$ cat upload.cif   # mmCIF, C-alpha atoms and all ligand atoms
data_input
#
loop_
_atom_site.label_atom_id
_atom_site.label_comp_id
_atom_site.auth_asym_id
_atom_site.auth_seq_id
_atom_site.Cartn_x
_atom_site.Cartn_y
_atom_site.Cartn_z
CA MET A 4 94.67 137.78 72.38
CA LEU A 5 94.01 135.44 75.23
CA THR A 6 96.55 135.48 78.05
CA CYS A 7 97.56 132.42 80.08
CA LYS A 8 95.63 133.88 82.98
CA ASP A 9 92.48 134.12 80.83
CA PHE A 10 93.02 130.56 79.73
CA LEU A 11 93.35 129.27 83.29
CA SER A 12 90.23 131.06 84.43
CA GLU A 13 88.23 129.23 81.75
CA LEU A 14 89.97 125.90 82.23
CA SER A 15 87.27 124.17 84.28
CA ASP A 16 84.48 125.08 81.90
CA TYR A 17 86.70 124.11 78.98
CA LEU A 18 87.38 120.67 80.44
CA ASP A 19 83.71 120.22 81.29
CA ALA A 20 82.78 121.20 77.72
CA ASN A 21 80.66 123.91 79.18
CA ILE A 22 81.52 126.81 76.87
CA ASP A 23 80.30 128.17 73.58
CA ALA A 24 82.02 127.39 70.30
CA GLU A 25 83.61 130.81 69.92
CA LEU A 26 85.37 130.74 73.29
CA ARG A 27 86.33 127.10 72.74
CA ALA A 28 88.04 128.04 69.48
CA LYS A 29 89.97 130.81 71.23
CA LEU A 30 91.07 128.51 74.02
CA GLU A 31 92.11 125.84 71.59
CA ARG A 32 94.12 128.32 69.61
CA HIS A 33 95.86 129.35 72.82
CA ILE A 34 96.96 125.82 73.68
CA THR A 35 98.32 125.15 70.25
CA GLU A 36 100.57 128.17 70.73
CA CYS A 37 101.30 127.89 74.43
CA PRO A 38 102.97 124.65 75.54
CA ASN A 39 102.62 125.50 79.23
CA CYS A 40 98.87 125.85 79.05
CA TRP A 41 98.67 122.73 76.93
CA VAL A 42 100.44 120.78 79.66
CA ILE A 43 98.25 122.28 82.37
CA ALA A 44 95.07 121.46 80.46
CA ASP A 45 96.26 117.94 79.67
CA THR A 46 97.40 117.09 83.19
CA THR A 47 94.32 118.64 84.78
CA ARG A 48 92.14 116.55 82.48
CA LYS A 49 94.10 113.44 83.50
CA THR A 50 93.79 114.38 87.17
CA ILE A 51 90.01 114.47 86.86
CA GLN A 52 89.97 111.21 84.89
CA ILE A 53 92.06 109.37 87.45
CA TYR A 54 89.77 110.43 90.27
CA LYS A 55 86.66 109.59 88.27
CA GLY A 56 88.05 106.15 87.53
CA MET A 57 88.60 105.40 91.19
CA GLU A 58 86.37 102.50 92.10
CA PRO A 59 84.60 102.87 95.41
CA CYS A 60 86.08 100.22 97.65
CA ALA A 61 83.47 97.84 98.93
CA ILE A 62 82.00 99.01 102.19
CA PRO A 63 83.66 97.12 105.06
CA ALA A 64 81.46 94.25 106.24
CA ASP A 65 81.42 95.39 109.86
CA VAL A 66 80.38 98.92 108.86
CA GLU A 67 77.57 97.56 106.72
CA SER A 68 76.28 95.18 109.34
CA ARG A 69 76.17 97.96 111.96
CA LEU A 70 74.32 100.17 109.48
CA MET A 71 71.75 97.48 108.74
CA LYS A 72 71.27 96.74 112.45
CA ALA A 73 70.68 100.40 113.22
CA LEU A 74 68.18 100.68 110.38
CA GLU A 75 66.31 97.54 111.37
CA LYS A 76 65.95 98.94 114.86
CA LYS A 77 64.63 102.19 113.48
CA MET A 78 62.22 100.49 111.09
CA ALA A 79 60.87 98.28 113.85
CA ALA A 80 60.30 101.34 116.02
CA LYS A 81 58.53 103.21 113.25
CA GLY A 82 56.42 100.27 112.19
CA ARG A 83 55.05 99.74 115.65
CA MET F 27 58.74 91.22 97.80
CA ALA F 28 61.80 89.04 97.47
CA LEU F 29 65.15 90.77 97.33
CA SER F 30 66.24 89.23 94.06
CA SER F 31 63.32 90.77 92.23
CA LEU F 32 64.13 94.19 93.70
CA ALA F 33 67.70 94.28 92.47
CA GLY F 34 66.66 95.04 88.91
CA LEU F 35 64.07 97.66 89.80
CA GLU F 36 64.30 101.31 88.79
CA GLU F 37 65.24 103.66 91.57
CA SER F 38 61.93 105.52 91.32
CA ALA F 39 59.94 102.29 91.73
CA LEU F 40 61.94 101.41 94.82
CA VAL F 41 61.36 104.86 96.28
CA THR F 42 57.62 104.53 95.69
CA GLN F 43 57.54 101.18 97.44
CA ALA F 44 59.71 102.42 100.28
CA ARG F 45 57.40 105.37 100.80
CA GLN F 46 54.49 103.01 101.11
CA GLY F 47 56.29 101.42 104.03
CA ASP F 48 58.11 98.62 102.25
CA THR F 49 61.22 98.25 104.39
CA VAL F 50 62.76 95.70 102.04
CA ALA F 51 62.61 98.25 99.23
CA PHE F 52 64.30 100.83 101.45
CA ALA F 53 67.00 98.34 102.38
CA GLU F 54 67.65 97.80 98.67
CA LEU F 55 68.09 101.57 98.21
CA VAL F 56 70.56 101.55 101.09
CA ARG F 57 72.49 98.69 99.55
CA ARG F 58 72.71 100.55 96.25
CA TYR F 59 74.26 103.68 97.70
CA GLU F 60 75.91 102.78 101.00
CA GLY F 61 79.34 102.31 99.38
CA LYS F 62 79.27 105.69 97.68
CA ILE F 63 77.91 107.47 100.73
CA PHE F 64 80.56 105.91 102.95
CA ARG F 65 83.30 106.96 100.54
CA LEU F 66 81.93 110.48 100.31
CA ALA F 67 81.73 110.72 104.09
CA GLN F 68 85.30 109.49 104.42
CA HIS F 69 86.51 111.99 101.89
CA ILE F 70 84.86 114.93 103.57
CA THR F 71 85.47 114.01 107.20
CA GLN F 72 88.85 112.32 106.63
CA ASN F 73 88.03 110.08 109.54
CA ARG F 74 86.64 106.56 109.45
CA GLU F 75 84.70 106.74 112.68
CA ASP F 76 83.03 110.01 111.70
CA ALA F 77 82.32 108.58 108.27
CA GLU F 78 80.51 105.62 109.78
CA ASP F 79 78.43 107.96 111.95
CA VAL F 80 77.60 110.04 108.90
CA LEU F 81 76.61 106.94 106.97
CA GLN F 82 74.21 105.77 109.67
CA GLU F 83 72.79 109.19 110.41
CA SER F 84 72.19 109.88 106.73
CA PHE F 85 70.18 106.75 106.01
CA MET F 86 68.29 107.11 109.29
CA LYS F 87 67.35 110.66 108.39
CA ALA F 88 66.38 109.60 104.89
CA TYR F 89 64.15 106.89 106.28
CA GLU F 90 62.57 109.27 108.74
CA HIS F 91 61.92 111.97 106.16
CA LEU F 92 61.12 109.81 103.18
CA ASP F 93 57.72 111.48 102.94
CA GLN F 94 59.47 114.81 102.36
CA PHE F 95 61.41 113.48 99.39
CA LYS F 96 59.86 115.00 96.31
CA GLY F 97 60.25 112.87 93.27
CA ASP F 98 61.66 115.82 91.30
CA SER F 99 65.30 114.98 92.03
CA LYS F 100 66.99 111.64 92.13
CA PHE F 101 67.01 109.76 95.42
CA TYR F 102 70.76 109.55 95.09
CA THR F 103 71.13 113.34 94.91
CA TRP F 104 68.86 113.67 97.90
CA ILE F 105 70.80 111.21 100.03
CA VAL F 106 74.08 112.82 98.96
CA ARG F 107 72.79 116.19 100.12
CA ILE F 108 71.82 114.75 103.51
CA ALA F 109 75.20 113.05 103.85
CA VAL F 110 77.14 116.19 102.93
CA ASN F 111 75.29 118.18 105.55
CA GLN F 112 75.94 115.55 108.20
CA ALA F 113 79.62 115.37 107.23
CA LEU F 114 80.08 119.14 107.29
CA MET F 115 78.38 119.31 110.67
CA LYS F 116 80.85 116.74 111.97
CA LEU F 117 83.72 118.86 110.71
CA ARG F 118 82.35 121.98 112.35
CA ARG F 119 81.95 120.16 115.63
CA ARG F 120 85.51 118.97 115.57
CA LYS F 121 86.64 122.28 116.92
CA THR F 122 90.11 121.18 117.86
CA ASP F 123 90.94 120.75 114.22
CA LYS F 124 92.33 124.12 113.29
CA SER F 125 92.36 123.42 109.60
CA VAL F 126 88.58 123.48 109.54
CA SER F 127 87.37 126.90 108.60
CA LEU F 128 84.24 126.26 106.63
CA ASP F 129 82.60 129.56 107.15
CA GLU F 130 85.50 131.68 106.05
CA THR F 131 86.23 132.23 102.47
CA ILE F 132 89.73 131.06 101.97
CA ASP F 133 91.28 133.47 99.63
CA THR F 134 95.00 133.43 99.39
CA GLY F 135 94.99 136.43 97.13
CA GLU F 136 96.76 134.60 94.35
CA ASP F 137 94.31 133.27 91.90
CA THR F 138 94.92 129.91 90.40
CA VAL F 139 98.53 129.44 91.25
CA VAL F 140 100.42 127.04 89.08
CA ARG F 141 103.92 126.26 90.16
CA GLU F 142 104.89 123.06 88.54
CA ILE F 143 104.52 122.29 84.90
CA ALA F 144 105.67 118.97 83.57
CA ALA F 145 104.03 116.68 81.09
CA TRP F 146 102.82 113.32 82.36
CA GLY F 147 103.54 110.04 80.70
CA GLU F 148 100.82 108.02 79.04
CA ASP F 149 98.64 106.38 81.70
CA PRO F 150 101.03 107.41 84.47
CA GLU F 151 98.92 105.65 87.06
CA GLN F 152 99.89 102.30 85.54
CA SER F 153 103.31 102.46 87.16
CA PHE F 154 101.80 102.31 90.63
CA SER F 155 100.05 99.47 92.41
CA ARG F 156 96.39 99.94 93.28
CA GLU F 157 97.29 100.50 96.91
CA GLU F 158 99.98 103.04 96.06
CA LEU F 159 97.70 104.88 93.69
CA GLY F 160 94.89 104.91 96.23
CA SER F 161 97.13 106.38 98.87
CA ILE F 162 98.55 109.01 96.47
CA LEU F 163 95.04 110.11 95.51
CA ASP F 164 93.75 110.13 99.08
CA THR F 165 96.71 112.05 100.44
CA ALA F 166 96.31 114.67 97.74
CA ILE F 167 92.60 115.14 98.51
CA GLN F 168 93.30 115.23 102.22
CA SER F 169 95.57 118.22 101.80
CA LEU F 170 92.79 120.40 100.34
CA GLU F 171 90.80 122.79 102.52
CA PRO F 172 87.46 121.19 103.52
CA LEU F 173 85.28 123.26 101.23
CA TYR F 174 87.55 122.76 98.23
CA ARG F 175 87.65 119.08 99.05
CA SER F 176 83.86 118.89 99.29
CA VAL F 177 83.35 120.68 96.00
CA PHE F 178 85.84 118.42 94.22
CA VAL F 179 84.39 115.24 95.74
CA LEU F 180 80.84 116.15 94.75
CA ARG F 181 81.63 117.40 91.26
CA ASP F 182 84.40 115.10 90.09
CA ILE F 183 84.00 111.94 92.14
CA GLU F 184 80.28 111.75 92.80
CA GLU F 185 79.61 113.52 89.49
CA LEU F 186 76.94 115.90 90.71
CA SER F 187 76.20 118.91 88.51
CA THR F 188 77.47 122.36 89.44
CA GLU F 189 73.93 123.32 90.49
CA GLU F 190 73.44 120.22 92.63
CA THR F 191 76.81 120.79 94.27
CA ALA F 192 75.92 124.42 94.98
CA GLU F 193 72.67 123.33 96.56
CA ALA F 194 74.25 120.58 98.66
CA LEU F 195 76.92 122.90 100.02
CA GLY F 196 74.88 126.06 100.29
CA LEU F 197 77.20 127.89 97.91
CA SER F 198 76.50 130.00 94.87
CA VAL F 199 77.22 128.56 91.44
CA PRO F 200 80.18 130.94 90.84
CA ALA F 201 81.62 129.97 94.24
CA VAL F 202 81.40 126.29 93.32
CA LYS F 203 83.10 126.98 90.01
CA SER F 204 85.99 128.96 91.44
CA ARG F 205 86.59 126.42 94.20
CA LEU F 206 86.42 123.56 91.75
CA LEU F 207 89.04 125.16 89.54
CA ARG F 208 91.38 125.71 92.44
CA ALA F 209 90.83 122.23 93.81
CA ARG F 210 91.55 120.70 90.41
CA LEU F 211 94.68 122.76 89.94
CA GLN F 212 95.94 121.99 93.42
CA LEU F 213 95.40 118.27 92.91
CA ARG F 214 97.03 118.44 89.50
CA GLU F 215 100.03 120.02 91.12
CA LYS F 216 100.28 117.36 93.79
CA LEU F 217 99.85 114.48 91.36
CA THR F 218 102.45 115.95 89.01
CA ARG F 219 105.10 115.09 91.57
CA PHE F 220 104.30 111.43 91.09
CA PHE F 221 103.18 111.27 87.48
CA LYS F 222 105.54 113.54 85.59
CA ARG F 223 107.53 112.01 82.82
CA LYS F 224 110.96 110.98 83.97
CA GLY F 225 113.59 113.50 82.99
CA ASP F 226 111.08 116.33 82.68
CA ASP F 227 112.11 118.85 85.22
CA ALA F 228 109.58 121.21 86.61
CA PHE F 229 110.17 124.85 85.96
CA ALA F 230 108.75 127.95 87.49
CA TYR F 231 105.86 129.59 85.75
CA MET F 232 103.78 132.70 86.12
ZN ZN U 301 99.20 129.95 78.07
#
$ encode --input "upload.cif" --output "structure tokens" --more "lines below"
Ligand SMILES: [Zn+2]
Amino acid sequence: MLTCKDFLSELSDYLDANIDAELRAKLERHITECPNCWVIADTTRKTIQIYKGMEPCAIPADVESRLMKALEKKMAAKGR
Amino acid sequence: MALSSLAGLEESALVTQARQGDTVAFAELVRRYEGKIFRLAQHITQNREDAEDVLQESFMKAYEHLDQFKGDSKFYTWIVRIAVNQALMKLRRRKTDKSVSLDETIDTGEDTVVREIAAWGEDPEQSFSREELGSILDTAIQSLEPLYRSVFVLRDIEELSTEETAEALGLSVPAVKSRLLRARLQLREKLTRFFKRKGDDAFAYM
């Protein structure tokens, strides 16, 4: 039998679908019987999803223009 | 070549042109990734000024060493690796910041602590404004140790593979995996405070 501790140690690979079918079946059996681990798996999955869905804010215009200026300077120096 | 015709080009074609000295092609590569690199730098350094330095230094270095870029990985992965190194160097130099302990393994002795268990509602993030959500997510990331933060940012935000993350951070694959798990669980714990279903009280566990 899989303990909660075993389940947690495999959680990342489980969420990344990075495990073989046999272990997956064991883990899935565990969460149907263990509400705590089900909640942990579900909320960890949502945590990852929320961060993945975060749109990169546009780069501030002043930051970009300083970057481009610095690069132009460098390119001009190299091209000479 | 005109910019408009570059916008639709494959990354590899742009890299080839840039390597032949086409500065417009290189500028297009910069435009493609500057937003992501700036975000990554902000996440790791937690400081806007440092992040801007990292952004500039990274693309400068990339331009300088473009001839060393082997086409066997993606340009994006390569520039991420450069940026991570620059960002970590910044952190190391900021000696006054006592929370920075990159070279030590941070092992609290407890593995994978879970303290709070409460189910979340459906789409819990919907009940917050974009600004609120952004600040909740940023604050949670900020509270992680730098190496945990870096692993999480590379794996789950920049979506690098475990191997690429290991390479960028100079860690072994098992070290990346164990840090990723802890980072995810710690973030989960912090977000639970905001996203748990109303009326669901947290209870102690393990
Ligand atoms: Zn369990």
$ closest_atom_pairs --input "upload.cif" --of "chain A" --to "ligand ZN 301 (chain U)" --cutoff "7 Å" --atoms "only C-alpha atoms and all ligand atoms" --output "CSV"
residue,atom,partner,partner_atom,distance
A:Thr6,CA,U:ZN301,ZN,6.1
A:Cys7,CA,U:ZN301,ZN,3.6
A:Phe10,CA,U:ZN301,ZN,6.4
A:His33,CA,U:ZN301,ZN,6.3
A:Ile34,CA,U:ZN301,ZN,6.4
A:Cys37,CA,U:ZN301,ZN,4.7
A:Pro38,CA,U:ZN301,ZN,7.0
A:Asn39,CA,U:ZN301,ZN,5.7
A:Cys40,CA,U:ZN301,ZN,4.2
$ atom_distance --input "upload.cif" --atom1 "atom CA of F:Ile70" --atom2 "atom CA of A:Asp16"
23.9 Å
$ residues_around --input "upload.cif" --residues "F:Arg45" --least-positions-apart "3" --cutoff "8 Å" --atoms "only C-alpha atoms" --output "ChimeraX atom specification"
/F:41-42,48,92-93
$ closest_atom_pairs --input "upload.cif" --of "chain F" --to "chain A" --cutoff "6 Å" --atoms "all atoms listed in the file" --output "JSON lines"
{"residue": "F:Gly61", "atom": "CA", "partner": "A:Ile62", "partner_atom": "CA", "distance": 5.1}
{"residue": "F:Gln82", "atom": "CA", "partner": "A:Leu70", "partner_atom": "CA", "distance": 5.6}
{"residue": "F:Ala145", "atom": "CA", "partner": "A:Val42", "partner_atom": "CA", "distance": 5.6}
{"residue": "F:Ile183", "atom": "CA", "partner": "A:Lys55", "partner_atom": "CA", "distance": 5.3}
{"residue": "F:Leu207", "atom": "CA", "partner": "A:Ser15", "partner_atom": "CA", "distance": 5.6}
{"residue": "F:Arg214", "atom": "CA", "partner": "A:Thr47", "partner_atom": "CA", "distance": 5.4}
$ atom_distance --input "upload.cif" --atom1 "atom CA of F:Ser169" --atom2 "atom CA of F:Ala209"
10.1 Å
$ residues_near_point --input "upload.cif" --point "(80.6, 107.5, 105.3)" --cutoff "10 Å" --atoms "all atoms listed in the file" --output "ChimeraX atom specification"
/A:62,66 /F:60-84,109-110,112-113
$ write_last_selection --input "upload.cif" --atoms "C-alpha atoms" --output "PDB file, in the coordinates of the input"
ATOM      1  CA  ILE A  62      82.000  99.010 102.190  1.00  0.00           C
ATOM      2  CA  VAL A  66      80.380  98.920 108.860  1.00  0.00           C
TER       3      VAL A  66
ATOM      4  CA  GLU F  60      75.910 102.780 101.000  1.00  0.00           C
ATOM      5  CA  GLY F  61      79.340 102.310  99.380  1.00  0.00           C
ATOM      6  CA  LYS F  62      79.270 105.690  97.680  1.00  0.00           C
ATOM      7  CA  ILE F  63      77.910 107.470 100.730  1.00  0.00           C
ATOM      8  CA  PHE F  64      80.560 105.910 102.950  1.00  0.00           C
ATOM      9  CA  ARG F  65      83.300 106.960 100.540  1.00  0.00           C
ATOM     10  CA  LEU F  66      81.930 110.480 100.310  1.00  0.00           C
ATOM     11  CA  ALA F  67      81.730 110.720 104.090  1.00  0.00           C
ATOM     12  CA  GLN F  68      85.300 109.490 104.420  1.00  0.00           C
ATOM     13  CA  HIS F  69      86.510 111.990 101.890  1.00  0.00           C
ATOM     14  CA  ILE F  70      84.860 114.930 103.570  1.00  0.00           C
ATOM     15  CA  THR F  71      85.470 114.010 107.200  1.00  0.00           C
ATOM     16  CA  GLN F  72      88.850 112.320 106.630  1.00  0.00           C
ATOM     17  CA  ASN F  73      88.030 110.080 109.540  1.00  0.00           C
ATOM     18  CA  ARG F  74      86.640 106.560 109.450  1.00  0.00           C
ATOM     19  CA  GLU F  75      84.700 106.740 112.680  1.00  0.00           C
ATOM     20  CA  ASP F  76      83.030 110.010 111.700  1.00  0.00           C
ATOM     21  CA  ALA F  77      82.320 108.580 108.270  1.00  0.00           C
ATOM     22  CA  GLU F  78      80.510 105.620 109.780  1.00  0.00           C
ATOM     23  CA  ASP F  79      78.430 107.960 111.950  1.00  0.00           C
ATOM     24  CA  VAL F  80      77.600 110.040 108.900  1.00  0.00           C
ATOM     25  CA  LEU F  81      76.610 106.940 106.970  1.00  0.00           C
ATOM     26  CA  GLN F  82      74.210 105.770 109.670  1.00  0.00           C
ATOM     27  CA  GLU F  83      72.790 109.190 110.410  1.00  0.00           C
ATOM     28  CA  SER F  84      72.190 109.880 106.730  1.00  0.00           C
ATOM     29  CA  ALA F 109      75.200 113.050 103.850  1.00  0.00           C
ATOM     30  CA  VAL F 110      77.140 116.190 102.930  1.00  0.00           C
ATOM     31  CA  GLN F 112      75.940 115.550 108.200  1.00  0.00           C
ATOM     32  CA  ALA F 113      79.620 115.370 107.230  1.00  0.00           C
TER      33      ALA F 113
END
$ residues_around --input "upload.cif" --residues "stretch 148-152 of chain F" --least-positions-apart "6" --cutoff "8 Å" --atoms "all atoms listed in the file" --output "ChimeraX atom specification"
/A:53 /F:159,221-222
$ axis_aligned_box --input "upload.cif" --around "stretch 219-222 of chain F" --padding-each-side "6 Å" --output "JSON"
{"center_x": 104.4, "center_y": 113.2, "center_z": 88.6, "size_x": 14.4, "size_y": 15.8, "size_z": 18.0}
$ residues_around --input "upload.cif" --residues "stretch 176-179 of chain F" --least-positions-apart "2" --cutoff "8 Å" --atoms "only C-alpha atoms" --output "number ranges by chain"
F: 66, 69-70, 172-174, 181-184, 191, 195, 202, 205-206, 209-210
